[in-house]
Amino acid sequence: MEKKKTFTLINDQTGESWIFPVAEGTQGPGAIDIRTLFARTGHLTLDPGFTSTASCASAITFIDGEKGILQHRGYDIRDLAEHSTFLEVAYALLYGDLPNAEEKRVFEKDITYHTMVHEQIHTFFRGFRRDAHPMAIMCGVAGALSAFYHDSLDIWDPRQREISAHRLIAKIPTLAAMSLKYMLGQPFVYPRNDLNYAENFLHMCFAVPAETYRPSAALAKAMDKILILHADHEQNASTSTVRLAGSSQANPFACIASGIASLWGPAHGGANQSVLEMLKQIGHKNNIPKFLAKAKDKDDPFRLMGFGHRVYKNYDPRAAVLKGSCDAVLDELGVEDPMLDLARELERIALEDDYFIKRKLFPNVDFYSGIILKAMGFPSEMFTVLFAVARTVGWISQWKEMIEEPNHRIGRPRQVYTGSAFRPVVPLRERSGAKKEGPPIL
Ligand code: CMC
């Protein structure tokens with residue numbers, strides 16, 4: 001029998017030692033299981049950016065950052081993007097395998113028949129300013145779903161969990177399209193059950209009552225592919241946020257709202273909007289060296305948006321698919337966008353630059369997605385919303401996996417306290433003296 005791996009921790013001062021088991025996955029690095037560390041040693045571990053911390057065991061998504069591999073339930077992302085639909089991928093993320101024909105039919109029907117939102121939500125929207133960022137609207141309305149769907153809030157009932165998951169996958173695109181319509185000052189467009197998921201989404205975004213609208217098959221396919229590429233990405237910031245919120249037994253709609261909020265930041269899903277703004281700012285190929293110098297300057301907060309990744313130290317496979325799709329989509333739409341040439345040139349120069357080579361900084365999923373979405377007619381404020389539409393399935397699958405884990409506990413990290421030691425409260429009239437500096441940064 002193969003011996004189980006262990007790790008030994010030795011206290012240099014006392015010579016005491018403790019043995020910890022290693023949790024092995026099916027692929028990728030194993031993890032030293034330190035759950036008993038505090039009880040046995042009286043010490044915590046410190047890892048503020050979670051660079052060396054596995055927060056859970058999960059069977060949903062695998063990333064090999066060194067090789068640039070992304071798999072969902074074992075299926076390679078390039079394969080999924082080429083040979084399946086977004087709803088098939090959603091099914092696999094939720095249930096473990098790609099569906100057979102009958103499972104696919106039933107799942108598509110379930111999702112399609114949940115796409116309408118409660119009519120009162122229309123009124124809820126009207127409370128927002130017209131110039132509200134659609135992500136601000138999404139944070140609010142996604143959380144508000146829990147006020148409308150009381151019959152699927154019992155997280156301990158598997159059927160209610162499933163209905164909530166289906167509702168979220170079905171309704172978030174409707175809310176996303178409504179946030180676009182609200183921003184544009186156009187009437188909301190109701191979903192249509194005769195259209196597939198991507199077609200229906202485009203219809204809700206771009207149709208107006210005055211004329212008929214049917215997206216081309218190529219456009220719908222491109223939309224579907226973008227959704228597939230953003231569907232899940234293991235324990236990124238927003239997914240970890242959803243899991244942490246869910247660990248307190250909060251309802252799934254509230255958890256997804258927390259994920260949307262976390263996704264919004266420019267270091268995460270907000271990067272797709274920032275890439276386009278950056279390309280606009282760069283403006284011309286001649287300005288690339290100036291902006292690269294800014295990105296390399298440690299005294300300048302500017303970063304090359306859409307570049308770099310915590311896990312990928314190789315080309316992000318999602319960026320590779322999107323880069324390949326750019327030409328086809330722009331051709332199909334008859335759009336010529338000088339930003340595509342600018343983006344390609346920026347990538348070429350950055351990938352030859354020592355700074356980027358040394359740090360293994362490659363284009364990530366956000367680098368090319370904005371160019372395609374812009375060509376499709378989406379304003380840049382919508383880019384992160386589209387990311388949220390796709391990622392909802394990843395979030396809810398990860399949430400479901402966590403709730404169904406028999407021994408799951410509330411997520412409650414600890415800290416290394418760096419504040420004052422105990423001191424008594426001095427009466428106000430006796431307090432004086434200069435303010436002390438803040439705590440040291442670890
Ligand atoms: N431009 C310039 N320098 C960079 C960049 C960049 N985009 N990204 C990383 N670096 C440098 C960074 O300054 C550091 O240099 P040094 O070692 O000299 O201090 C080194 O590379 C490592 O960076 P880090 O900040 O420690 O890496 P991280 O893993 O904490 O951050 C990241 C990852 C994605 C937040 C970061 O690469 C970044 O800010 N990229 C731009 C924003 C972006 O495109 N975000 C989308 C991420 S992918 C999709 C998603 O998750 O939503």
# chains A, B, ... in the order shown; residues from 1 in each chain; ligands from 1
call {"tool": "residues_near_ligand", "arguments": {"ligand": "ligand 1", "cutoff": "6 Å", "atoms": "only C-alpha atoms and all ligand atoms", "output": "PyMOL selection string"}}
result
chain A and resi 267-269+271+295-296+303-310+359+364-366
call {"tool": "select_by_dssp", "arguments": {"residues": "region 294-422 of chain A", "states": "helix (DSSP H, G or I)", "output": "ChimeraX atom specification"}}
result
/A:294-296,317-333,338-351,354-358,365-376,380-404
call {"tool": "write_last_selection", "arguments": {"atoms": "C-alpha atoms", "output": "PDB file, in the first residue's frame"}}
result
ATOM      1  CA  LYS A 294       4.538  53.632 -16.559  1.00  0.00           C
ATOM      2  CA  ALA A 295       3.471  50.017 -15.924  1.00  0.00           C
ATOM      3  CA  LYS A 296       7.043  49.109 -14.945  1.00  0.00           C
ATOM      4  CA  PRO A 317      -6.091  29.758 -22.246  1.00  0.00           C
ATOM      5  CA  ARG A 318      -9.273  31.856 -22.197  1.00  0.00           C
ATOM      6  CA  ALA A 319      -7.374  34.837 -23.624  1.00  0.00           C
ATOM      7  CA  ALA A 320      -5.995  32.591 -26.373  1.00  0.00           C
ATOM      8  CA  VAL A 321      -9.524  31.549 -27.436  1.00  0.00           C
ATOM      9  CA  LEU A 322     -10.792  35.134 -27.292  1.00  0.00           C
ATOM     10  CA  LYS A 323      -7.835  36.470 -29.259  1.00  0.00           C
ATOM     11  CA  GLY A 324      -8.616  33.874 -31.931  1.00  0.00           C
ATOM     12  CA  SER A 325     -12.298  34.885 -31.962  1.00  0.00           C
ATOM     13  CA  CYS A 326     -11.666  38.620 -32.315  1.00  0.00           C
ATOM     14  CA  ASP A 327     -11.076  38.620 -36.061  1.00  0.00           C
ATOM     15  CA  ALA A 328     -13.999  36.324 -36.805  1.00  0.00           C
ATOM     16  CA  VAL A 329     -16.452  38.368 -34.730  1.00  0.00           C
ATOM     17  CA  LEU A 330     -15.305  41.730 -36.058  1.00  0.00           C
ATOM     18  CA  ASP A 331     -15.446  40.365 -39.636  1.00  0.00           C
ATOM     19  CA  GLU A 332     -18.938  38.982 -39.103  1.00  0.00           C
ATOM     20  CA  LEU A 333     -20.125  42.307 -37.744  1.00  0.00           C
ATOM     21  CA  PRO A 338      -8.094  50.054 -34.647  1.00  0.00           C
ATOM     22  CA  MET A 339      -8.082  49.083 -30.956  1.00  0.00           C
ATOM     23  CA  LEU A 340      -7.622  45.453 -31.959  1.00  0.00           C
ATOM     24  CA  ASP A 341      -4.376  46.304 -33.775  1.00  0.00           C
ATOM     25  CA  LEU A 342      -3.322  48.441 -30.831  1.00  0.00           C
ATOM     26  CA  ALA A 343      -4.054  45.600 -28.380  1.00  0.00           C
ATOM     27  CA  ARG A 344      -2.106  43.099 -30.490  1.00  0.00           C
ATOM     28  CA  GLU A 345       0.862  45.443 -30.751  1.00  0.00           C
ATOM     29  CA  LEU A 346       0.756  46.151 -27.017  1.00  0.00           C
ATOM     30  CA  GLU A 347       0.755  42.422 -26.328  1.00  0.00           C
ATOM     31  CA  ARG A 348       3.620  41.810 -28.772  1.00  0.00           C
ATOM     32  CA  ILE A 349       5.826  44.491 -27.252  1.00  0.00           C
ATOM     33  CA  ALA A 350       5.006  43.536 -23.648  1.00  0.00           C
ATOM     34  CA  LEU A 351       5.753  39.855 -24.277  1.00  0.00           C
ATOM     35  CA  ASP A 354      12.191  41.688 -19.826  1.00  0.00           C
ATOM     36  CA  TYR A 355       9.965  43.069 -17.067  1.00  0.00           C
ATOM     37  CA  PHE A 356       6.970  41.051 -18.271  1.00  0.00           C
ATOM     38  CA  ILE A 357       9.046  37.980 -19.198  1.00  0.00           C
ATOM     39  CA  LYS A 358      10.715  37.841 -15.788  1.00  0.00           C
ATOM     40  CA  VAL A 365      -9.206  36.763 -20.136  1.00  0.00           C
ATOM     41  CA  ASP A 366      -9.995  40.470 -19.864  1.00  0.00           C
ATOM     42  CA  PHE A 367      -7.461  41.630 -22.446  1.00  0.00           C
ATOM     43  CA  TYR A 368      -9.405  40.803 -25.618  1.00  0.00           C
ATOM     44  CA  SER A 369     -12.977  40.339 -24.328  1.00  0.00           C
ATOM     45  CA  GLY A 370     -13.759  44.080 -24.277  1.00  0.00           C
ATOM     46  CA  ILE A 371     -12.884  44.476 -27.952  1.00  0.00           C
ATOM     47  CA  ILE A 372     -15.364  41.760 -28.918  1.00  0.00           C
ATOM     48  CA  LEU A 373     -18.070  43.059 -26.584  1.00  0.00           C
ATOM     49  CA  LYS A 374     -17.598  46.592 -27.904  1.00  0.00           C
ATOM     50  CA  ALA A 375     -17.973  45.317 -31.476  1.00  0.00           C
ATOM     51  CA  MET A 376     -21.206  43.576 -30.430  1.00  0.00           C
ATOM     52  CA  SER A 380     -17.896  49.401 -21.670  1.00  0.00           C
ATOM     53  CA  GLU A 381     -19.866  49.771 -18.397  1.00  0.00           C
ATOM     54  CA  MET A 382     -21.596  46.506 -19.309  1.00  0.00           C
ATOM     55  CA  PHE A 383     -18.439  44.409 -19.693  1.00  0.00           C
ATOM     56  CA  THR A 384     -18.169  43.419 -16.043  1.00  0.00           C
ATOM     57  CA  VAL A 385     -21.915  42.804 -15.914  1.00  0.00           C
ATOM     58  CA  LEU A 386     -21.493  40.248 -18.727  1.00  0.00           C
ATOM     59  CA  PHE A 387     -18.713  38.614 -16.727  1.00  0.00           C
ATOM     60  CA  ALA A 388     -21.154  38.392 -13.795  1.00  0.00           C
ATOM     61  CA  VAL A 389     -23.851  36.829 -16.008  1.00  0.00           C
ATOM     62  CA  ALA A 390     -21.465  34.039 -16.970  1.00  0.00           C
ATOM     63  CA  ARG A 391     -19.824  33.620 -13.567  1.00  0.00           C
ATOM     64  CA  THR A 392     -23.174  33.243 -11.788  1.00  0.00           C
ATOM     65  CA  VAL A 393     -23.168  29.580 -12.786  1.00  0.00           C
ATOM     66  CA  GLY A 394     -19.684  29.086 -11.334  1.00  0.00           C
ATOM     67  CA  TRP A 395     -20.604  30.884  -8.131  1.00  0.00           C
ATOM     68  CA  ILE A 396     -23.808  28.928  -7.590  1.00  0.00           C
ATOM     69  CA  SER A 397     -22.132  25.598  -8.420  1.00  0.00           C
ATOM     70  CA  GLN A 398     -19.377  26.330  -5.899  1.00  0.00           C
ATOM     71  CA  TRP A 399     -21.948  27.444  -3.325  1.00  0.00           C
ATOM     72  CA  LYS A 400     -23.963  24.249  -3.869  1.00  0.00           C
ATOM     73  CA  GLU A 401     -20.845  22.087  -3.582  1.00  0.00           C
ATOM     74  CA  MET A 402     -19.971  23.789  -0.292  1.00  0.00           C
ATOM     75  CA  ILE A 403     -23.445  23.435   1.228  1.00  0.00           C
ATOM     76  CA  GLU A 404     -23.532  19.747   0.208  1.00  0.00           C
TER      77      GLU A 404
END
call {"tool": "residues_around", "arguments": {"residues": "Ser258 (chain A)", "least_positions_apart": "5", "cutoff": "8 Å", "atoms": "only C-alpha atoms", "output": "VMD selection string"}}
result
chain A and resid 139 143 238 241 to 242 245
call {"tool": "write_last_selection", "arguments": {"atoms": "C-alpha atoms", "output": "CSV table (one decimal), in the first residue's frame"}}
result
chain,number,residue,atom,x,y,z
A,139,CYS,CA,-25.3,44.4,-6.7
A,143,GLY,CA,-29.5,40.7,-3.5
A,238,SER,CA,-15.5,36.6,-6.1
A,241,THR,CA,-16.5,35.8,-1.4
A,242,VAL,CA,-19.6,33.7,-2.4
A,245,ALA,CA,-20.9,34.5,2.5
call {"tool": "select_by_dssp", "arguments": {"residues": "region 61-116 of chain A", "states": "strand (DSSP E or B)", "output": "list in words"}}
result
Thr61, Phe62, Ile63, Asp64, Ile69, Leu70, Gln71, His72, Tyr75 and Asp76 of chain A
call {"tool": "residues_around", "arguments": {"residues": "region 111-122 of chain A", "least_positions_apart": "6", "cutoff": "9 Å", "atoms": "only C-alpha atoms", "output": "list in words"}}
result
Leu87, Val141, Ala144, Leu145, Phe148, Tyr149, His166, Arg167, Leu168, Ile169, Ala170, Lys171, Ile172, Pro173, Thr174, Leu175, Met178, Phe188, Tyr190, Pro191, Arg192, Asn193, Asp194, Leu195, Asn196 and Tyr197 of chain A
call {"tool": "write_last_selection", "arguments": {"atoms": "N, CA and C atoms", "output": "CSV table (one decimal), in the first residue's frame"}}
result
chain,number,residue,atom,x,y,z
A,87,LEU,N,-25.1,26.5,-21.7
A,87,LEU,CA,-26.0,25.8,-20.8
A,87,LEU,C,-25.5,24.3,-20.6
A,141,VAL,N,-29.9,44.6,-7.2
A,141,VAL,CA,-31.1,43.8,-7.6
A,141,VAL,C,-30.8,42.3,-7.4
A,144,ALA,N,-31.7,41.7,-4.0
A,144,ALA,CA,-33.1,41.8,-3.8
A,144,ALA,C,-33.9,40.6,-4.2
A,145,LEU,N,-33.3,39.7,-5.1
A,145,LEU,CA,-34.1,38.5,-5.5
A,145,LEU,C,-34.5,37.8,-4.3
A,148,PHE,N,-37.9,38.4,-3.2
A,148,PHE,CA,-39.0,38.0,-4.2
A,148,PHE,C,-39.2,36.5,-4.3
A,149,TYR,N,-38.3,35.7,-3.9
A,149,TYR,CA,-38.4,34.3,-4.1
A,149,TYR,C,-38.3,33.5,-2.8
A,166,HIS,N,-31.3,27.4,-10.5
A,166,HIS,CA,-31.9,27.6,-11.8
A,166,HIS,C,-32.4,29.0,-12.0
A,167,ARG,N,-33.0,29.5,-10.9
A,167,ARG,CA,-33.5,30.9,-11.0
A,167,ARG,C,-32.3,31.9,-11.2
A,168,LEU,N,-31.3,31.7,-10.5
A,168,LEU,CA,-30.1,32.6,-10.7
A,168,LEU,C,-29.6,32.6,-12.1
A,169,ILE,N,-29.3,31.4,-12.6
A,169,ILE,CA,-28.8,31.2,-14.0
A,169,ILE,C,-29.7,31.8,-15.0
A,170,ALA,N,-31.0,31.7,-14.7
A,170,ALA,CA,-32.0,32.2,-15.7
A,170,ALA,C,-32.3,33.7,-15.6
A,171,LYS,N,-32.3,34.2,-14.3
A,171,LYS,CA,-32.7,35.6,-14.1
A,171,LYS,C,-31.6,36.6,-14.2
A,172,ILE,N,-30.4,36.2,-13.8
A,172,ILE,CA,-29.3,37.2,-13.8
A,172,ILE,C,-29.2,37.9,-15.2
A,173,PRO,N,-29.2,37.1,-16.3
A,173,PRO,CA,-29.2,37.8,-17.7
A,173,PRO,C,-30.3,38.8,-17.9
A,174,THR,N,-31.5,38.4,-17.3
A,174,THR,CA,-32.6,39.3,-17.5
A,174,THR,C,-32.4,40.6,-16.7
A,175,LEU,N,-31.8,40.5,-15.5
A,175,LEU,CA,-31.5,41.7,-14.7
A,175,LEU,C,-30.4,42.5,-15.4
A,178,MET,N,-31.8,44.4,-18.2
A,178,MET,CA,-32.6,45.5,-17.7
A,178,MET,C,-31.7,46.6,-17.2
A,188,PHE,N,-37.7,48.2,-20.8
A,188,PHE,CA,-37.2,46.8,-20.6
A,188,PHE,C,-37.8,45.9,-21.6
A,190,TYR,N,-38.9,42.0,-22.4
A,190,TYR,CA,-39.2,40.7,-21.7
A,190,TYR,C,-38.4,39.5,-22.5
A,191,PRO,N,-38.1,38.5,-21.7
A,191,PRO,CA,-37.4,37.3,-22.4
A,191,PRO,C,-38.3,36.6,-23.3
A,192,ARG,N,-37.7,35.9,-24.3
A,192,ARG,CA,-38.5,35.1,-25.2
A,192,ARG,C,-38.1,33.6,-25.1
A,193,ASN,N,-39.1,32.8,-24.9
A,193,ASN,CA,-38.8,31.4,-24.7
A,193,ASN,C,-38.5,30.6,-26.0
A,194,ASP,N,-38.7,31.2,-27.2
A,194,ASP,CA,-38.3,30.5,-28.4
A,194,ASP,C,-36.8,30.7,-28.8
A,195,LEU,N,-36.1,31.5,-28.0
A,195,LEU,CA,-34.7,31.8,-28.3
A,195,LEU,C,-33.8,31.0,-27.3
A,196,ASN,N,-32.6,30.7,-27.8
A,196,ASN,CA,-31.7,30.0,-26.9
A,196,ASN,C,-31.1,31.0,-25.9
A,197,TYR,N,-30.3,30.5,-25.0
A,197,TYR,CA,-29.9,31.4,-23.8
A,197,TYR,C,-29.1,32.7,-24.3
call {"tool": "decode", "arguments": {"residues": "region 292-305 of chain A", "atoms": "N, CA, C and O atoms", "output": "compact mmCIF listing (two decimals), in the first residue's frame"}}
result
# COMPACT_ATOMS: atom_id res chain seq x y z
N LEU A 292 4.13 51.43 -21.27
CA LEU A 292 4.84 50.28 -20.69
C LEU A 292 5.79 50.76 -19.61
O LEU A 292 5.94 50.12 -18.56
N ALA A 293 6.43 51.90 -19.85
CA ALA A 293 7.35 52.44 -18.84
C ALA A 293 6.58 52.78 -17.57
O ALA A 293 7.04 52.51 -16.46
N LYS A 294 5.38 53.32 -17.73
CA LYS A 294 4.54 53.63 -16.56
C LYS A 294 4.20 52.35 -15.80
O LYS A 294 4.24 52.30 -14.57
N ALA A 295 3.85 51.29 -16.56
CA ALA A 295 3.47 50.02 -15.92
C ALA A 295 4.64 49.42 -15.15
O ALA A 295 4.45 48.72 -14.16
N LYS A 296 5.86 49.71 -15.60
CA LYS A 296 7.04 49.11 -14.95
C LYS A 296 7.55 49.96 -13.78
O LYS A 296 8.35 49.50 -12.98
N ASP A 297 7.07 51.21 -13.74
CA ASP A 297 7.56 52.15 -12.73
C ASP A 297 6.87 51.87 -11.39
O ASP A 297 5.66 52.01 -11.26
N LYS A 298 7.65 51.48 -10.39
CA LYS A 298 7.07 51.11 -9.09
C LYS A 298 6.45 52.30 -8.37
O LYS A 298 5.67 52.12 -7.43
N ASP A 299 6.83 53.53 -8.78
CA ASP A 299 6.24 54.70 -8.13
C ASP A 299 4.95 55.15 -8.82
O ASP A 299 4.33 56.13 -8.42
N ASP A 300 4.59 54.45 -9.88
CA ASP A 300 3.38 54.81 -10.63
C ASP A 300 2.35 53.69 -10.41
O ASP A 300 2.65 52.52 -10.64
N PRO A 301 1.14 54.04 -9.96
CA PRO A 301 0.15 52.97 -9.70
C PRO A 301 -0.38 52.32 -10.98
O PRO A 301 -1.06 51.28 -10.92
N PHE A 302 -0.06 52.88 -12.15
CA PHE A 302 -0.59 52.34 -13.41
C PHE A 302 -0.11 50.91 -13.63
O PHE A 302 1.06 50.59 -13.45
N ARG A 303 -1.02 50.04 -14.01
CA ARG A 303 -0.68 48.65 -14.39
C ARG A 303 -1.25 48.39 -15.76
O ARG A 303 -2.27 48.99 -16.14
N LEU A 304 -0.63 47.49 -16.46
CA LEU A 304 -1.15 47.10 -17.76
C LEU A 304 -2.39 46.26 -17.51
O LEU A 304 -2.29 45.11 -17.06
N MET A 305 -3.56 46.83 -17.76
CA MET A 305 -4.80 46.12 -17.45
C MET A 305 -4.98 44.96 -18.44
O MET A 305 -4.63 45.07 -19.61
